[in-house]
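Here is the file model.txt (compact mmCIF, C-alpha atoms).
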# COMPACT_ATOMS: atom_id res chain seq x y z
CA MET A 1 20.98 184.06 -77.71
CA SER A 2 19.28 180.81 -78.60
CA ALA A 3 21.21 177.60 -78.73
CA HIS A 4 21.33 175.80 -82.05
CA PHE A 5 19.55 172.46 -81.93
CA GLU A 6 20.76 169.67 -84.16
CA ARG A 7 18.86 166.40 -84.30
CA PRO A 8 21.12 163.49 -83.37
CA GLN A 9 21.72 161.02 -86.15
CA PRO A 10 21.34 157.29 -85.57
CA GLY A 11 24.42 155.15 -85.71
CA ALA A 12 24.89 152.00 -87.72
CA PRO A 13 22.75 149.01 -86.68
CA THR A 14 24.44 146.52 -84.38
CA ALA A 15 25.58 143.40 -86.16
CA VAL A 16 23.85 140.16 -85.22
CA ARG A 17 26.02 137.14 -84.50
CA PHE A 18 23.71 134.22 -83.84
CA PRO A 19 25.42 131.88 -81.38
CA PRO A 20 26.69 128.51 -82.58
CA LEU A 21 24.31 125.57 -82.59
CA SER A 22 25.45 122.25 -81.19
CA ARG A 23 23.65 119.42 -82.95
CA ASP A 24 23.03 115.80 -82.06
CA GLN A 25 20.56 113.04 -82.82
CA LEU A 26 19.30 110.41 -80.45
CA ALA A 27 19.13 106.77 -81.47
CA ASN A 28 15.33 107.06 -81.80
CA GLY A 29 15.68 109.83 -84.40
CA LEU A 30 15.05 112.90 -82.22
CA ASN A 31 17.16 115.82 -83.45
CA VAL A 32 18.60 118.07 -80.73
CA LEU A 33 19.93 121.63 -81.12
CA VAL A 34 21.60 123.40 -78.19
CA ILE A 35 22.51 127.08 -77.74
CA ARG A 36 24.61 128.27 -74.79
CA GLN A 37 23.25 131.49 -73.26
CA SER A 38 24.73 132.24 -69.85
CA SER A 39 23.33 135.65 -68.91
CA VAL A 40 20.79 134.23 -66.43
CA PRO A 41 20.31 130.71 -64.99
CA MET A 42 17.22 130.04 -67.10
CA THR A 43 16.63 127.58 -69.92
CA THR A 44 13.99 127.42 -72.63
CA ALA A 45 13.37 124.16 -74.46
CA ILE A 46 11.06 123.94 -77.47
CA LEU A 47 10.03 120.53 -78.73
CA ILE A 48 8.92 120.94 -82.33
CA VAL A 49 6.69 118.26 -83.84
CA HIS A 50 6.64 118.75 -87.59
CA ALA A 51 2.87 118.58 -88.05
CA GLY A 52 0.42 121.40 -87.48
CA THR A 53 -3.04 122.53 -88.49
CA ALA A 54 -2.11 122.10 -92.14
CA HIS A 55 -1.99 118.35 -91.45
CA ASP A 56 -5.58 118.18 -90.21
CA PRO A 57 -7.71 115.60 -92.02
CA GLU A 58 -9.83 117.34 -94.64
CA THR A 59 -13.04 116.38 -92.84
CA LEU A 60 -11.78 117.29 -89.36
CA PRO A 61 -10.32 120.80 -89.36
CA GLY A 62 -9.05 121.67 -85.90
CA LEU A 63 -7.87 118.16 -85.00
CA ALA A 64 -4.19 119.10 -84.62
CA SER A 65 -5.04 121.93 -82.25
CA LEU A 66 -7.43 119.75 -80.24
CA THR A 67 -4.76 117.04 -79.98
CA ALA A 68 -2.23 119.61 -78.75
CA ASP A 69 -4.68 120.75 -76.08
CA LEU A 70 -5.09 117.17 -74.86
CA LEU A 71 -1.38 116.44 -74.48
CA ASP A 72 -0.87 118.13 -71.12
CA GLU A 73 -4.19 116.89 -69.67
CA GLY A 74 -2.32 114.21 -67.79
CA ALA A 75 0.73 112.12 -68.72
CA GLY A 76 2.75 109.27 -67.29
CA GLN A 77 1.87 108.78 -63.61
CA LEU A 78 0.37 112.28 -63.28
CA ASP A 79 -3.14 113.52 -63.93
CA ALA A 80 -3.64 117.06 -65.25
CA ILE A 81 -3.60 118.73 -61.81
CA ALA A 82 -0.63 116.72 -60.54
CA LEU A 83 1.28 117.47 -63.75
CA ALA A 84 0.71 121.21 -63.37
CA ASP A 85 1.73 121.01 -59.69
CA ALA A 86 4.91 119.09 -60.49
CA LEU A 87 5.98 121.81 -62.92
CA ALA A 88 4.96 124.65 -60.58
CA GLN A 89 6.96 123.18 -57.69
CA ARG A 90 10.05 123.44 -59.89
CA GLY A 91 9.26 126.96 -61.09
CA SER A 92 8.73 125.57 -64.60
CA HIS A 93 6.02 126.12 -67.16
CA VAL A 94 4.95 124.21 -70.27
CA ALA A 95 2.85 125.67 -73.08
CA VAL A 96 1.52 123.53 -75.93
CA GLU A 97 0.46 125.13 -79.19
CA ALA A 98 -0.41 123.96 -82.70
CA GLY A 99 0.79 126.31 -85.42
CA THR A 100 0.16 126.05 -89.13
CA ASP A 101 3.23 123.96 -89.96
CA ALA A 102 4.24 122.49 -86.58
CA MET A 103 3.28 121.90 -82.96
CA HIS A 104 5.37 123.47 -80.21
CA LEU A 105 5.80 122.31 -76.61
CA THR A 106 7.68 125.12 -74.90
CA LEU A 107 9.28 124.57 -71.50
CA THR A 108 10.62 127.46 -69.43
CA SER A 109 12.69 126.33 -66.48
CA LEU A 110 15.44 127.22 -64.09
CA SER A 111 18.57 125.62 -65.50
CA ARG A 112 19.06 123.51 -62.38
CA GLU A 113 15.51 122.13 -62.80
CA LEU A 114 15.85 121.30 -66.50
CA GLU A 115 16.25 117.55 -66.09
CA PRO A 116 13.14 116.83 -63.97
CA SER A 117 11.11 119.35 -65.97
CA LEU A 118 12.22 117.91 -69.30
CA SER A 119 11.31 114.44 -68.04
CA ILE A 120 7.75 115.70 -67.57
CA VAL A 121 7.75 116.99 -71.15
CA ALA A 122 8.94 113.55 -72.26
CA ASP A 123 5.99 111.99 -70.46
CA ILE A 124 3.63 114.44 -72.17
CA VAL A 125 4.72 113.38 -75.65
CA ALA A 126 5.53 109.72 -75.02
CA ARG A 127 2.84 108.77 -72.50
CA PRO A 128 -0.09 111.21 -72.75
CA HIS A 129 -3.29 110.03 -71.09
CA MET A 130 -5.66 111.25 -73.83
CA GLY A 131 -8.65 110.60 -71.57
CA ALA A 132 -12.32 110.80 -72.52
CA ASP A 133 -13.12 113.25 -69.71
CA ALA A 134 -10.35 115.56 -70.87
CA LEU A 135 -11.65 115.41 -74.44
CA GLU A 136 -15.11 116.55 -73.38
CA ARG A 137 -13.72 119.36 -71.24
CA VAL A 138 -11.40 120.60 -74.00
CA ARG A 139 -14.12 120.24 -76.61
CA GLU A 140 -16.54 122.39 -74.59
CA LEU A 141 -13.92 125.10 -74.04
CA ARG A 142 -13.15 125.22 -77.75
CA LEU A 143 -16.83 125.30 -78.73
CA ASN A 144 -17.30 128.28 -76.41
CA ARG A 145 -14.34 130.04 -78.00
CA LEU A 146 -15.83 129.46 -81.44
CA ARG A 147 -19.11 130.98 -80.26
CA GLN A 148 -17.20 134.04 -79.08
CA PHE A 149 -15.25 134.31 -82.33
CA SER A 150 -18.41 133.99 -84.41
CA ARG A 151 -19.60 137.28 -82.88
CA SER A 152 -16.35 139.08 -83.67
CA PRO A 153 -16.13 141.00 -86.99
CA GLN A 154 -12.34 140.62 -86.90
CA SER A 155 -12.56 136.84 -86.55
CA ALA A 156 -15.19 136.63 -89.28
CA ALA A 157 -12.97 138.65 -91.63
CA ASP A 158 -9.88 136.57 -90.85
CA ARG A 159 -11.71 133.29 -91.35
CA ALA A 160 -13.41 134.40 -94.56
CA PHE A 161 -10.15 135.76 -95.99
CA ALA A 162 -8.16 132.59 -95.29
CA GLY A 163 -10.97 130.49 -96.73
CA VAL A 164 -10.99 132.49 -99.96
CA VAL A 165 -7.24 132.89 -100.50
CA PHE A 166 -6.34 129.30 -99.51
CA ARG A 167 -9.60 127.67 -100.57
CA GLY A 168 -9.21 123.91 -100.96
CA HIS A 169 -5.75 124.01 -99.35
CA PRO A 170 -4.94 122.93 -95.75
CA TYR A 171 -3.91 126.52 -94.92
CA GLY A 172 -7.49 127.64 -95.52
CA HIS A 173 -9.12 126.78 -92.20
CA GLY A 174 -8.80 128.15 -88.68
CA ALA A 175 -6.83 126.36 -85.98
CA LEU A 176 -9.97 125.79 -83.90
CA GLY A 177 -11.81 124.14 -86.79
CA THR A 178 -15.58 124.44 -86.86
CA THR A 179 -18.42 123.60 -84.52
CA ALA A 180 -19.40 120.69 -86.76
CA SER A 181 -15.86 119.25 -86.88
CA LEU A 182 -15.34 119.66 -83.13
CA GLU A 183 -18.60 117.90 -82.35
CA ALA A 184 -17.63 115.05 -84.69
CA MET A 185 -14.13 114.46 -83.28
CA THR A 186 -13.54 111.36 -81.21
CA LEU A 187 -10.77 110.31 -78.88
CA ASP A 188 -9.67 107.79 -81.50
CA ASP A 189 -9.23 110.64 -84.00
CA ALA A 190 -6.89 112.49 -81.64
CA CYS A 191 -4.96 109.33 -80.74
CA ARG A 192 -4.54 108.43 -84.43
CA PHE A 193 -3.29 111.93 -85.25
CA TRP A 194 -0.70 111.74 -82.48
CA THR A 195 0.32 108.20 -83.39
CA ARG A 196 0.83 109.26 -86.99
CA HIS A 197 2.77 112.46 -86.33
CA GLY A 198 3.94 112.55 -82.71
CA GLY A 199 7.18 110.61 -82.71
CA PRO A 200 10.89 111.33 -82.25
CA ALA A 201 11.66 110.83 -85.94
CA ASN A 202 9.28 113.71 -86.68
CA ALA A 203 10.51 116.04 -83.94
CA THR A 204 13.32 118.42 -83.04
CA LEU A 205 14.25 119.65 -79.57
CA VAL A 206 15.78 123.14 -79.32
CA VAL A 207 17.35 124.07 -75.98
CA ALA A 208 18.81 127.48 -75.12
CA GLY A 209 20.13 128.36 -71.70
CA ASP A 210 22.80 128.38 -69.05
CA LEU A 211 24.03 124.83 -69.59
CA ALA A 212 26.83 123.28 -71.62
CA ALA A 213 25.79 121.43 -74.77
CA SER A 214 27.23 118.15 -73.47
CA GLU A 215 25.14 118.40 -70.30
CA VAL A 216 21.96 119.19 -72.26
CA ILE A 217 22.55 116.25 -74.60
CA ALA A 218 23.03 113.91 -71.66
CA ILE A 219 19.84 115.18 -70.00
CA THR A 220 17.94 114.84 -73.27
CA LYS A 221 19.07 111.26 -73.75
CA ARG A 222 17.92 110.32 -70.27
CA ALA A 223 14.56 112.05 -70.72
CA PHE A 224 13.70 111.11 -74.30
CA GLY A 225 15.85 108.06 -75.01
CA SER A 226 12.98 105.62 -74.42
CA TRP A 227 10.48 107.59 -76.55
CA ALA A 228 9.42 105.15 -79.26
CA SER A 229 6.89 105.67 -82.04
CA ASP A 230 6.11 104.52 -85.55
CA ALA A 231 5.55 108.16 -86.63
CA GLN A 232 7.55 109.11 -89.69
CA PRO A 233 8.62 112.57 -90.87
CA SER A 234 5.61 114.57 -92.08
CA SER A 235 5.66 116.21 -95.49
CA PRO A 236 5.00 119.95 -95.88
CA ALA A 237 1.37 121.01 -96.15
CA PRO A 238 -0.13 118.95 -98.97
CA GLY A 239 -2.55 120.28 -101.54
CA THR A 240 -2.63 122.46 -104.64
CA LEU A 241 -2.68 126.22 -104.25
CA PRO A 242 -5.77 127.79 -105.85
CA PRO A 243 -5.81 130.51 -108.52
CA ALA A 244 -6.59 134.08 -107.54
CA ASP A 245 -10.21 135.03 -106.90
CA ALA A 246 -10.52 138.78 -107.41
CA ARG A 247 -14.09 139.10 -106.18
CA LEU A 248 -15.47 141.03 -103.23
CA PHE A 249 -16.85 138.80 -100.47
CA LEU A 250 -19.43 140.53 -98.29
CA VAL A 251 -20.23 139.20 -94.80
CA ASP A 252 -23.43 140.79 -93.50
CA ARG A 253 -23.45 142.31 -90.01
CA PRO A 254 -26.71 144.31 -89.85
CA GLY A 255 -26.38 147.61 -88.03
CA ALA A 256 -22.57 147.50 -87.81
CA PRO A 257 -21.19 151.07 -87.48
CA GLN A 258 -17.81 149.96 -88.84
CA SER A 259 -16.60 147.65 -91.57
CA GLU A 260 -13.82 145.13 -91.15
CA LEU A 261 -11.65 144.81 -94.26
CA ARG A 262 -9.23 142.14 -95.48
CA LEU A 263 -7.63 142.51 -98.89
CA GLY A 264 -4.92 140.36 -100.42
CA HIS A 265 -3.80 137.24 -102.23
CA LEU A 266 -1.42 134.30 -102.13
CA GLY A 267 2.22 135.07 -101.43
CA PRO A 268 5.54 133.22 -101.46
CA ALA A 269 6.81 130.74 -98.88
CA ARG A 270 9.30 131.76 -96.19
CA ARG A 271 12.28 130.53 -98.19
CA THR A 272 11.64 132.85 -101.12
CA ARG A 273 14.68 134.70 -102.44
CA ALA A 274 12.62 137.88 -102.34
CA TYR A 275 12.12 137.66 -98.56
CA HIS A 276 14.24 140.68 -97.60
CA ALA A 277 12.88 142.84 -100.43
CA LEU A 278 9.31 141.96 -99.46
CA VAL A 279 9.88 142.67 -95.77
CA THR A 280 11.27 146.09 -96.74
CA LEU A 281 8.43 146.69 -99.18
CA ASN A 282 5.90 145.92 -96.48
CA ALA A 283 7.56 148.31 -94.01
CA ILE A 284 6.98 151.12 -96.50
CA LEU A 285 3.51 150.06 -97.63
CA GLY A 286 1.76 149.12 -94.40
CA GLY A 287 4.00 147.40 -91.90
CA GLN A 288 4.43 150.26 -89.44
CA PHE A 289 2.47 153.21 -88.07
CA THR A 290 4.10 155.68 -90.48
CA SER A 291 3.57 153.46 -93.54
CA ARG A 292 1.67 154.66 -96.59
CA ILE A 293 -1.63 152.86 -96.07
CA ASN A 294 -1.99 153.96 -92.45
CA ARG A 295 -1.04 157.56 -93.25
CA ASN A 296 -3.57 157.60 -96.07
CA LEU A 297 -6.55 156.10 -94.24
CA ARG A 298 -5.84 157.43 -90.72
CA GLU A 299 -4.07 160.76 -91.17
CA GLU A 300 -5.38 162.00 -94.51
CA LYS A 301 -8.84 160.45 -94.78
CA ALA A 302 -9.52 160.11 -91.01
CA ILE A 303 -11.63 156.97 -91.51
CA THR A 304 -9.75 154.46 -89.32
CA TYR A 305 -7.76 154.19 -86.12
CA GLY A 306 -5.25 152.03 -87.91
CA ALA A 307 -4.55 149.95 -91.01
CA GLN A 308 -1.68 147.57 -91.67
CA SER A 309 -0.32 145.17 -94.24
CA SER A 310 1.72 142.01 -93.83
CA PHE A 311 3.29 139.08 -95.62
CA ASP A 312 2.45 135.89 -93.76
CA PHE A 313 5.33 133.60 -94.73
CA ARG A 314 4.65 129.91 -94.15
CA ARG A 315 6.47 126.73 -95.08
CA ALA A 316 4.60 125.84 -98.29
CA ALA A 317 3.15 129.23 -99.27
CA GLY A 318 2.18 132.55 -97.77
CA ALA A 319 -0.30 135.37 -98.08
CA PHE A 320 -0.18 139.12 -98.49
CA SER A 321 -2.96 140.96 -96.69
CA VAL A 322 -4.11 144.42 -95.68
CA ASP A 323 -6.24 144.66 -92.52
CA ALA A 324 -8.33 147.64 -91.44
CA SER A 325 -11.44 148.64 -89.51
CA VAL A 326 -13.07 151.70 -91.11
CA GLN A 327 -16.14 153.85 -90.80
CA SER A 328 -19.04 152.10 -92.47
CA ASP A 329 -19.82 155.01 -94.80
CA ALA A 330 -16.18 155.10 -95.95
CA THR A 331 -15.83 151.39 -96.76
CA ALA A 332 -15.76 151.72 -100.55
CA MET A 333 -13.32 154.63 -100.29
CA ALA A 334 -11.01 152.57 -98.08
CA VAL A 335 -11.01 149.62 -100.48
CA THR A 336 -10.26 151.92 -103.42
CA GLU A 337 -7.44 153.70 -101.57
CA ILE A 338 -5.83 150.43 -100.44
CA LEU A 339 -5.87 149.10 -104.00
CA ARG A 340 -4.45 152.40 -105.25
CA GLU A 341 -1.60 152.34 -102.74
CA CYS A 342 -0.74 148.75 -103.69
CA GLU A 343 -0.77 149.61 -107.38
CA ARG A 344 1.20 152.82 -106.91
CA ILE A 345 4.14 151.21 -105.10
CA ARG A 346 4.62 148.84 -108.05
CA GLU A 347 5.45 151.72 -110.41
CA PRO A 348 9.11 152.38 -111.25
CA GLY A 349 10.38 155.52 -109.56
CA ASP A 350 7.57 155.66 -107.02
CA VAL A 351 9.74 154.78 -104.00
CA LEU A 352 12.53 157.28 -103.46
CA ALA A 353 15.80 156.67 -101.66
CA GLY A 354 14.79 158.59 -98.54
CA GLU A 355 11.61 156.59 -98.00
CA LEU A 356 13.49 153.36 -98.67
CA GLY A 357 16.12 154.33 -96.11
CA ARG A 358 13.50 155.01 -93.45
CA GLY A 359 11.85 151.65 -94.13
CA GLN A 360 15.18 149.86 -93.89
CA ALA A 361 16.05 151.63 -90.64
CA SER A 362 12.76 150.58 -89.07
CA LEU A 363 13.76 146.96 -89.66
CA THR A 364 17.45 147.06 -88.83
CA ARG A 365 18.03 149.52 -85.96
CA GLY A 366 16.54 147.39 -83.22
CA TYR A 367 16.87 143.98 -84.85
CA VAL A 368 19.57 142.81 -82.45
CA ARG A 369 17.09 143.09 -79.54
CA ASN A 370 15.37 139.94 -80.84
CA PHE A 371 18.27 137.78 -79.62
CA GLU A 372 18.90 138.86 -76.04
CA THR A 373 17.35 136.07 -73.96
CA ALA A 374 17.38 132.29 -73.99
CA ALA A 375 13.69 132.28 -74.88
CA GLN A 376 14.29 134.55 -77.88
CA LEU A 377 17.21 132.43 -79.07
CA ALA A 378 15.18 129.23 -78.75
CA ARG A 379 12.28 130.73 -80.72
CA ALA A 380 14.66 131.97 -83.39
CA ALA A 381 16.30 128.55 -83.71
CA ALA A 382 12.83 127.01 -83.96
CA GLN A 383 12.22 129.19 -87.03
CA LEU A 384 15.41 127.85 -88.60
CA VAL A 385 14.13 124.33 -88.03
CA ILE A 386 10.51 124.77 -89.13
CA TYR A 387 11.29 126.67 -92.32
CA GLY A 388 14.55 124.96 -93.22
CA LEU A 389 16.58 128.18 -93.07
CA PRO A 390 20.39 128.37 -93.05
CA HIS A 391 22.13 128.91 -89.72
CA ASP A 392 23.25 132.41 -90.76
CA ALA A 393 19.72 133.59 -91.66
CA PHE A 394 19.70 136.06 -88.75
CA ASP A 395 23.33 137.16 -89.21
CA THR A 396 22.63 138.14 -92.81
CA PHE A 397 19.28 139.87 -92.18
CA VAL A 398 20.60 143.38 -91.57
CA PRO A 399 23.12 143.45 -94.45
CA SER A 400 20.53 141.88 -96.77
CA ILE A 401 17.98 144.57 -95.89
CA GLU A 402 20.56 147.33 -96.29
CA ALA A 403 21.54 145.97 -99.72
CA ILE A 404 18.02 146.47 -101.13
CA ASP A 405 17.86 149.34 -103.61
CA VAL A 406 14.82 150.98 -105.20
CA ASP A 407 15.05 148.83 -108.32
CA ALA A 408 15.09 145.60 -106.28
CA LEU A 409 12.16 146.86 -104.23
CA THR A 410 10.12 147.73 -107.31
CA GLY A 411 10.98 144.39 -108.91
CA ALA A 412 9.76 142.52 -105.85
CA ALA A 413 6.56 144.58 -105.78
CA ARG A 414 5.82 143.90 -109.43
CA GLU A 415 6.49 140.18 -109.01
CA HIS A 416 4.70 139.54 -105.72
CA LEU A 417 2.11 142.32 -105.25
CA HIS A 418 -0.97 142.01 -107.46
CA PRO A 419 -3.83 144.30 -106.40
CA ALA A 420 -5.81 143.48 -109.55
CA ASP A 421 -5.92 139.84 -108.39
CA ALA A 422 -6.62 140.57 -104.73
CA SER A 423 -9.55 139.01 -102.95
CA ILE A 424 -11.53 141.54 -100.91
CA VAL A 425 -13.45 140.63 -97.75
CA VAL A 426 -15.79 143.15 -96.15
CA VAL A 427 -17.64 142.47 -92.89
CA GLY A 428 -20.35 145.06 -92.30
CA ASP A 429 -23.92 146.10 -92.92
CA ALA A 430 -24.53 144.64 -96.38
CA GLY A 431 -27.72 146.60 -96.97
CA GLN A 432 -25.96 149.88 -96.35
CA LEU A 433 -22.66 148.97 -98.03
CA ARG A 434 -23.63 147.20 -101.23
CA PRO A 435 -24.58 150.26 -103.35
CA SER A 436 -21.26 151.99 -102.71
CA LEU A 437 -19.23 148.77 -103.01
CA GLU A 438 -20.59 148.18 -106.50
CA ALA A 439 -18.54 151.18 -107.60
CA VAL A 440 -15.36 149.25 -106.72
CA GLY A 441 -15.94 147.25 -109.89
CA ARG A 442 -15.69 143.73 -108.45
CA GLU A 443 -18.32 141.03 -108.43
CA ILE A 444 -19.92 141.01 -104.98
CA VAL A 445 -20.42 137.60 -103.39
CA PRO A 446 -22.49 137.29 -100.19
CA THR A 447 -20.68 134.89 -97.88
CA SER A 448 -20.77 133.60 -94.33
CA PRO A 449 -17.67 131.97 -92.80
CA GLU A 450 -18.29 128.72 -90.97
CA PHE A 451 -17.62 128.66 -87.24
Take the structure I supplied and represent it as structure tokens, if you would.
Amino acid sequence: MSAHFERPQPGAPTAVRFPPLSRDQLANGLNVLVIRQSSVPMTTAILIVHAGTAHDPETLPGLASLTADLLDEGAGQLDAIALADALAQRGSHVAVEAGTDAMHLTLTSLSRELEPSLSIVADIVARPHMGADALERVRELRLNRLRQFSRSPQSAADRAFAGVVFRGHPYGHGALGTTASLEAMTLDDACRFWTRHGGPANATLVVAGDLAASEVIAITKRAFGSWASDAQPSSPAPGTLPPADARLFLVDRPGAPQSELRLGHLGPARRTRAYHALVTLNAILGGQFTSRINRNLREEKAITYGAQSSFDFRRAAGAFSVDASVQSDATAMAVTEILRECERIREPGDVLAGELGRGQASLTRGYVRNFETAAQLARAAAQLVIYGLPHDAFDTFVPSIEAIDVDALTGAAREHLHPADASIVVVGDAGQLRPSLEAVGREIVPTSPEF
């Protein structure tokens, strides 16, 4: 007698209750947000400077990222090695990064070591050395990275795609810039960038950890109270967004056995009202392993190890893209199938309730796991700050996703997904690919991204 097996059914997703934010502002203009998280005696502090790679001068792409790399190369009374040792002795770590819309200085520290560690961060932003020797060392490291990226089909595709979709806009260049811009940068350029943008009136400190808000505010005032700068709040990424360019851009890699594909177009900013519908749409189209595009190209056509789509939501605008590496002889087929899948999901009645439910579940079932640690809470609060989101943005995510119906999903697809306008980037053997790519029906433009 065989036992009857019944597949267990998932329960309802756990509700997210983002912890309260305590807010304050120092006399110098620095905004401070504090979250109490007492599970372990650790604290994460993220200093957000509201200027990123989108604020690079037009002639010096990569300057924001270079400036960020210079910040922890010595500060206050400490050179680079002494600064790293001072943090290590306290079990603390600082990472500096320049994103598209903002810079982040992230401190991870034992709660009892927050004050001395945060004082070091204050030195980094208020009294950076910005030395000539450090500039040359950082420059050489970044030039070597560019040389490595220039040999990577994935990097070439990413750079070409951003340059086409955001052409003429500050979002259109890579964080590292180019060899020419790096070689042209001077120490004065980096110092001017930091003087213009790196001040308390253009910054927000987010702290999450095992400390009371009043204690964190007091520590912050002692660490950052003397930080003075003429920097004023930076505006969102300037520039006019370009019209669609529905051509096929072919980057030649002679002898390449595979082709690297990028296909997409401009998308909405993070604060779009369609955010939840688009996140759900993407889960069905290409955002997970079982999504349509991956099943088509990997499981049915067997021409790739994986393909995915995404909406890259930024502060001023975003981009929709499909990424894939495919067999060279199947490149044209892959492009055609991706366009077909994007067109198909726009049709009324194409998405059925069962598929919608599975897409929603993939987003909601484990969502609460994103808010377990102090580091996760600090990063989440940083998103609220950078994108100007309401405090309950995370609390409302699950119910907003669950409220999406097939009509709302189709409406979002028809409004924000435009395969006929998509730019197509192919990195591969142009001599082998061009005859088959002509059948796609797009003008083919030979191109070479600048590194």
* To do: Give me the residues within 8 Å of region 36-43 of chain A as a ChimeraX atom specification, counting all atoms listed in the file and dropping any in the same chain fewer than 2 places off.
  => /A:19,34,45,108-112,114,207-213,373-375
Given the selection you just returned, output its residues as a file containing C-alpha atoms, formatted as a PDB file, keeping the file's coordinate frame.
ATOM      1  CA  PRO A  19      25.420 131.880 -81.380  1.00  0.00           C
ATOM      2  CA  VAL A  34      21.600 123.400 -78.190  1.00  0.00           C
ATOM      3  CA  ALA A  45      13.370 124.160 -74.460  1.00  0.00           C
ATOM      4  CA  THR A 108      10.620 127.460 -69.430  1.00  0.00           C
ATOM      5  CA  SER A 109      12.690 126.330 -66.480  1.00  0.00           C
ATOM      6  CA  LEU A 110      15.440 127.220 -64.090  1.00  0.00           C
ATOM      7  CA  SER A 111      18.570 125.620 -65.500  1.00  0.00           C
ATOM      8  CA  ARG A 112      19.060 123.510 -62.380  1.00  0.00           C
ATOM      9  CA  LEU A 114      15.850 121.300 -66.500  1.00  0.00           C
ATOM     10  CA  VAL A 207      17.350 124.070 -75.980  1.00  0.00           C
ATOM     11  CA  ALA A 208      18.810 127.480 -75.120  1.00  0.00           C
ATOM     12  CA  GLY A 209      20.130 128.360 -71.700  1.00  0.00           C
ATOM     13  CA  ASP A 210      22.800 128.380 -69.050  1.00  0.00           C
ATOM     14  CA  LEU A 211      24.030 124.830 -69.590  1.00  0.00           C
ATOM     15  CA  ALA A 212      26.830 123.280 -71.620  1.00  0.00           C
ATOM     16  CA  ALA A 213      25.790 121.430 -74.770  1.00  0.00           C
ATOM     17  CA  THR A 373      17.350 136.070 -73.960  1.00  0.00           C
ATOM     18  CA  ALA A 374      17.380 132.290 -73.990  1.00  0.00           C
ATOM     19  CA  ALA A 375      13.690 132.280 -74.880  1.00  0.00           C
TER      20      ALA A 375
END
* May I have the residues within 9 Å of Asp405 (chain A) as a ChimeraX atom specification, using all atoms listed in the file and disregarding those fewer than 5 positions away in the same chain? => /A:277,353,356,410
Keeping only C-alpha atoms, write those residues as a PDB file, in the frame of the given file.
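And here is the file that came out, selection-v1.pdb:
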ATOM      1  CA  ALA A 277      12.880 142.840-100.430  1.00  0.00           C
ATOM      2  CA  ALA A 353      15.800 156.670-101.660  1.00  0.00           C
ATOM      3  CA  LEU A 356      13.490 153.360 -98.670  1.00  0.00           C
ATOM      4  CA  THR A 410      10.120 147.730-107.310  1.00  0.00           C
TER       5      THR A 410
END
* To do: Can you pull out every residue within 7 Å of Ala95 (chain A), counting only C-alpha atoms, but drop anything in the same chain fewer than 4 positions away, and send it as a list of chain:residue names?
  =>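 Skipping anything fewer than 4 positions along the chain leaves A:Leu105, A:Thr106, A:Leu107.
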* Asked: So, counting all atoms listed in the file, which residue among A:Asp24, A:Gly225, A:Asp158, A:Ala51 is closest to Ala122 (chain A)?
  ->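 Among the listed residues, A:Gly225 lies closest to Ala122 (chain A).
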* So what do you get for CA of Tyr387 (chain A) versus CA of Arg142 (chain A), distance-wise? -> 28.5 Å
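The neighbours of region 150-152 of chain A here are the residues that come within 12 Å of it, using all atoms listed in the file and leaving out any residue fewer than 6 positions away in the same chain; they are Leu143, Asn144, Asp158, Arg159, Ala160, Leu176, Thr178, Thr179, Val251, Asp252, Arg253, Ala256, Ser259, Glu260, Val427, Gly428, Ser448, Pro449, Glu450 and Phe451 of chain A.
In this structure, CA of Val216 (chain A) sits 15.4 Å away from CA of Ile120 (chain A).
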When you look at Pro419 (chain A) with a cut-off of 7 Å (counting all atoms listed in the file), what residues show up, excluding the ones that are within fewer than 6 positions of it in the same chain? I need them as a PDB file with C-alpha atoms, keeping the file's coordinate frame.
ATOM      1  CA  LEU A 339      -5.870 149.100-104.000  1.00  0.00           C
ATOM      2  CA  CYS A 342      -0.740 148.750-103.690  1.00  0.00           C
ATOM      3  CA  GLU A 343      -0.770 149.610-107.380  1.00  0.00           C
TER       4      GLU A 343
END
Taking all atoms of region 433-439 of chain A that the file lists and extending 3 Å past them on each side, where is the centre of the axis-aligned box and how long are its edges? Answer in Å to one decimal, as JSON.
{"center_x": -21.6, "center_y": 149.6, "center_z": -102.8, "size_x": 12.0, "size_y": 10.8, "size_z": 15.6}
* Asked: Do you have the CA of Leu78 (chain A)-CA of His197 (chain A) distance handy?
  -> 23.2 Å
* Got a sec to check which residues sit within 8 Å of (25.1, 136.7, -83.5), counting all atoms listed in the file, and write them as a ChimeraX atom specification? -> /A:15-19,371,394-395
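Distances from A:Leu248, A:Leu83, A:Ala283, A:Leu60 to Thr186 (chain A) were compared using all atoms listed in the file, and the smallest one belongs to A:Leu60.
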* Asked: Which residue gives the smallest distance to Phe320 (chain A) among A:Ser423, A:Ser226, A:Asn296, A:Gln154, with all atoms listed in the file counted?
  ->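 Of A:Ser423, A:Ser226, A:Asn296, A:Gln154, the one nearest Phe320 (chain A), counting all atoms listed in the file, is A:Ser423.
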* **Ref. answer, residues at most 7 Å from (-3.7, 115.0, -81.1) with all atoms listed in the file, as a PyMOL selection string** => chain A and resi 63-64+66-68+70+190-191+193-194
* Asked: Out of A:Pro233, A:Gly163, A:Pro243, A:Gly441, which residue has the shortest atom-to-atom distance to Ala332 (chain A) when counting all atoms listed in the file?
  ->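 Distance minimum relative to Ala332 (chain A) lands on A:Gly441.
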* Which is closest to Pro390 (chain A) among A:Arg271, A:Ala246, A:Thr331, A:Asn294, if we use only C-alpha atoms? ->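 Ranked by minimum distance to Pro390 (chain A), first place goes to A:Arg271.
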